[in-house]
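Asks: What follows is the file structure_13.txt, containing compact mmCIF, C-alpha atoms:
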```txt
# COMPACT_ATOMS: atom_id res chain seq x y z
CA MET X 663 219.00 197.65 175.47
CA LEU X 664 217.42 196.54 172.19
CA GLY X 665 214.36 195.47 174.15
CA ARG X 666 213.94 199.08 175.22
CA LEU X 667 214.21 200.38 171.64
CA PHE X 668 211.96 197.63 170.28
CA PRO X 669 209.61 196.69 173.13
CA LYS X 670 207.62 193.48 172.87
CA THR X 671 204.54 195.28 174.13
CA VAL X 672 203.78 198.59 172.45
CA ASP X 673 201.57 200.39 174.92
CA ASN X 674 201.13 203.97 176.04
CA ARG X 675 203.44 203.57 179.07
CA PHE X 676 206.65 205.57 178.95
CA ARG X 677 209.32 203.86 181.05
CA GLY X 678 212.12 206.42 180.88
CA TYR X 679 212.69 209.53 182.95
CA ARG X 680 209.83 212.04 182.82
CA VAL X 681 212.17 214.84 181.70
CA ALA X 682 212.84 212.80 178.52
CA LEU X 683 209.12 212.81 177.80
CA TRP X 684 208.90 216.61 178.14
CA LEU X 685 212.05 217.04 176.07
CA TYR X 686 210.47 214.82 173.41
CA VAL X 687 207.40 217.10 173.31
CA LEU X 688 209.64 220.15 172.85
CA LEU X 689 211.70 218.50 170.10
CA VAL X 690 208.67 217.16 168.23
CA PHE X 691 206.88 220.48 168.12
CA SER X 692 210.05 222.32 167.12
CA LYS X 693 210.46 219.81 164.26
CA ILE X 694 206.88 220.44 163.17
CA GLY X 695 207.51 224.18 163.34
CA THR X 696 210.61 223.81 161.18
CA ALA X 697 208.65 221.71 158.69
CA LEU X 698 205.92 224.33 158.45
CA LEU X 699 208.54 227.04 157.93
CA HIS X 700 209.96 225.11 154.96
CA ILE X 701 206.50 224.60 153.51
CA LEU X 702 205.01 228.05 154.11
CA SER X 703 207.97 230.44 153.84
CA PRO X 704 208.25 232.13 150.39
CA ASP X 705 211.85 230.94 150.01
CA GLY X 706 211.37 227.74 152.01
CA GLY X 707 214.06 229.01 154.37
CA ALA X 708 216.69 228.42 151.70
CA GLN X 709 217.99 231.99 151.59
CA SER X 710 216.49 233.53 154.72
CA ILE X 711 217.86 230.84 157.06
CA SER X 712 220.32 228.64 155.19
CA THR X 713 221.89 231.58 153.30
CA ILE X 714 221.73 229.87 149.91
CA PRO X 715 222.23 232.79 147.49
CA LEU X 716 219.04 232.26 145.49
CA ASN X 717 219.39 235.63 143.77
CA ALA X 718 222.69 234.44 142.23
CA TYR X 719 220.92 231.63 140.35
CA PRO X 720 218.65 231.72 137.31
CA ALA X 721 214.98 232.01 138.28
CA GLY X 722 214.27 228.36 137.38
CA ALA X 723 217.16 227.07 139.47
CA ALA X 724 216.12 229.21 142.45
CA GLN X 725 212.54 227.95 142.14
CA ASN X 726 213.77 224.34 142.10
CA ILE X 727 215.74 224.91 145.32
CA ILE X 728 212.69 226.47 146.98
CA ALA X 729 210.54 223.53 145.82
CA LEU X 730 213.05 221.03 147.21
CA PHE X 731 213.03 222.83 150.57
CA ALA X 732 209.22 222.69 150.61
CA ARG X 733 209.30 218.97 149.81
CA MET X 734 211.86 218.44 152.58
CA GLY X 735 209.44 220.28 154.87
CA MET X 736 206.61 217.95 153.85
CA VAL X 737 208.73 214.90 154.75
CA GLN X 738 209.59 216.52 158.09
CA LEU X 739 205.91 217.24 158.71
CA LEU X 740 204.95 213.62 158.01
CA LEU X 741 207.69 212.34 160.32
CA GLY X 742 206.61 214.87 162.94
CA SER X 743 203.06 213.54 162.63
CA VAL X 744 204.32 210.03 163.39
CA PHE X 745 206.15 211.44 166.42
CA VAL X 746 202.89 213.03 167.62
CA VAL X 747 200.98 209.75 167.19
CA VAL X 748 203.65 208.00 169.26
CA LEU X 749 203.36 210.71 171.92
CA LEU X 750 199.59 210.39 172.12
CA ARG X 751 199.13 206.64 171.77
CA TYR X 752 202.35 204.56 171.75
CA ARG X 753 204.71 206.09 174.31
CA ALA X 754 206.64 202.83 174.70
CA LEU X 755 208.13 203.67 171.27
CA ILE X 756 209.56 207.05 172.32
CA PRO X 757 213.12 205.65 172.70
CA LEU X 758 212.87 204.35 169.11
CA MET X 759 211.67 207.77 167.94
CA TYR X 760 214.62 209.41 169.68
CA GLY X 761 216.86 206.94 167.86
CA LEU X 762 215.26 207.93 164.54
CA MET X 763 215.87 211.59 165.35
CA VAL X 764 219.56 210.88 166.04
CA LEU X 765 219.91 208.84 162.83
CA SER X 766 218.17 211.59 160.88
CA TYR X 767 220.59 214.19 162.21
CA LEU X 768 223.63 211.99 161.52
CA GLY X 769 222.36 211.24 158.01
CA ASP X 770 221.91 214.94 157.38
CA ARG X 771 225.48 215.61 158.58
CA MET X 772 226.84 212.83 156.34
CA ALA X 773 224.92 214.11 153.31
CA GLY X 774 226.25 217.60 154.00
CA TYR X 775 229.78 216.27 154.22
CA PHE X 776 229.63 214.38 150.92
CA LYS X 777 227.41 216.90 149.11
CA PRO X 778 227.99 220.28 150.75
CA LEU X 779 225.83 223.30 150.04
CA VAL X 780 227.36 226.50 148.67
CA LEU X 781 226.16 229.15 151.08
CA GLY X 782 226.35 232.92 151.07
CA GLY X 783 227.23 232.99 154.78
CA ILE X 784 226.87 231.00 157.97
CA SER X 785 223.57 229.16 158.07
CA GLY X 786 221.18 230.35 160.74
CA ALA X 787 220.18 226.73 161.30
CA ALA X 788 223.66 225.47 162.27
CA ALA X 789 223.70 226.47 165.95
CA PRO X 790 220.10 225.45 166.72
CA ALA X 791 220.68 222.12 164.94
CA MET X 792 223.65 221.32 167.19
CA LEU X 793 221.64 222.29 170.28
CA PHE X 794 218.72 220.10 169.20
CA MET X 795 221.07 217.21 168.46
CA ALA X 796 222.58 217.43 171.95
CA ALA X 797 219.07 217.55 173.43
CA THR X 798 218.05 214.56 171.31
CA VAL X 799 221.02 212.46 172.46
CA LEU X 800 220.28 213.41 176.07
CA GLY X 801 216.61 212.50 175.55
CA LEU X 802 217.60 209.15 174.04
CA VAL X 803 219.77 208.29 177.03
CA LEU X 804 217.11 209.40 179.51
CA SER X 805 214.38 207.51 177.65
CA LEU X 806 216.42 204.28 177.72
CA THR X 807 216.94 204.52 181.46
CA GLY X 808 214.56 205.45 184.20
CA ARG X 809 212.13 204.31 186.81
CA GLY X 810 210.01 202.10 184.55
CA TYR X 811 212.71 199.62 183.55
CA ASP X 812 213.61 196.55 185.56
CA PHE X 813 217.35 196.91 186.02
CA GLY X 814 217.67 193.50 187.68
CA GLN X 815 216.91 191.68 184.44
CA PRO X 816 218.20 192.22 180.91
CA SER X 817 215.48 194.20 179.17
CA ALA X 818 215.03 191.77 176.26
CA ALA X 819 215.01 188.56 178.33
CA PRO X 820 211.88 187.23 180.04
CA PRO X 821 212.03 186.72 183.83
CA MET X 822 213.41 183.39 185.02
CA PRO X 823 210.75 180.88 186.17
CA GLN X 824 210.65 180.10 189.91
CA LYS X 825 211.04 176.48 191.07
```
What is this structure when it is put down as C-alpha cells?

Replies:
Amino acid sequence: MLGRLFPKTVDNRFRGYRVALWLYVLLVFSKIGTALLHILSPDGGAQSISTIPLNAYPAGAAQNIIALFARMGMVQLLLGSVFVVVLLRYRALIPLMYGLMVLSYLGDRMAGYFKPLVLGGISGAAAPAMLFMAATVLGLVLSLTGRGYDFGQPSAAPPMPQK
C-alpha cells in the first residue's frame, strides 16, 4: 500500500479508478475556490461564513482575524496549486495528495478541538467540510485501488525473477 502512496516512478499515469481522478478535480478546484474566497472576501469569510462575531471585537482585533483568514487562504491557494501541478504532470502522486487532504482535514479538526473558535452561530462551512471529507476519503480509497495496480504482487515489492 505504501508503494501506491509513494510510487518509485512518478509519472503522469493514474492507476486508480477513473472516478477518483474526476473527484480529485472537483475537490482541487473547490479548495482553490475556498482559498480565493478567504483572500478576496472583505471579511475573509470569518463572519459571513464561519459566523465569527467580528463586530463584537475591537476594530484592530477584527482586522487581525480577517488578516489571518486571508493568510490561511494563501496557504490553501499554494497547496491547491501543488494539487493542480500533480493533476497536470504527476498523476501517479494523486493518492499521496488525497492522503494530504485527509491529514489536513484531520489536523483542522484536532486544532478546532484543542483551540475552538467562539462563533456567533453554526458555521456555514461545517456541513460542506464534512461532505468534502467523505468525498476525500472515498477518493483516497478509489485512488489506491483500481485497474492500474497489479493485485497479484505487493505494490512495493519488485516482481520475482523467473528461473

Asks: So which one's closest to Arg666 (chain X), X:Leu793, X:Pro704, X:Gly761, X:Ala787? Using all atoms listed in the file, please.

Replies: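 Looking only at the distances to Arg666 (chain X), the closest residue turns out to be X:Gly761.
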
Asks: Excluding Leu688 (chain X) and its own-chain neighbours fewer than 4 positions away, which residues fall within 12 Å of it when counting all atoms listed in the file? Please give them as a list in words.

Replies: Val681, Ala682, Leu683, Trp684, Ser692, Lys693, Ile694, Gly695, Gly742, Phe745, Val746, Leu749, Phe794, Ala797, Thr798 and Gly801 of chain X

Asks: Taking into account only C-alpha atoms, which residue in the set X:Ala788, X:Ser743, X:Ile756, X:Val737 is nearest to Ile711 (chain X)?

Replies: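 Checking each of X:Ala788, X:Ser743, X:Ile756, X:Val737 against Ile711 (chain X), counting only C-alpha atoms, the winner is X:Ala788.
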
Asks: So, counting all atoms listed in the file, which residue among X:Phe776, X:Gly707, X:Met795, X:Thr713 is closest to Leu730 (chain X)?

Replies: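 Checking each candidate against Leu730 (chain X), we get X:Gly707 as the closest.
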
Asks: Separation of CA of Leu800 (chain X) and CA of Lys777 (chain X), in Å?

Replies: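 Interatomic distance here is 28.1 Å.
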
Asks: For CA of Gly706 (chain X) and CA of Tyr719 (chain X), quote the distance in Å rounded to one decimal.

Replies: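 Here the two named atoms are 15.6 Å from each other.
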
Asks: Between CA of Gly808 (chain X) and CA of Pro757 (chain X), what is the spacing in Å?

Replies: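 Those two atoms sit 11.6 Å apart.
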
Asks: Return the single residue from X:Arg675, X:Asp705, X:Val780, X:Leu740 that is closest to Ile727 (chain X), with distances computed using only C-alpha atoms.

Replies: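 Using only C-alpha atoms, the shortest distance to Ile727 (chain X) belongs to X:Asp705.
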
Asks: When you count only C-alpha atoms, which of these residues is closest to Leu699 (chain X): X:Gly735, X:Pro720, X:Gly782, X:Pro669?

Replies: X:Gly735

Asks: Taking all atoms listed in the file into account, which of X:Ala754, X:Val672, X:Ile784, X:Leu765 comes nearest Tyr811 (chain X)?

Replies: X:Ala754
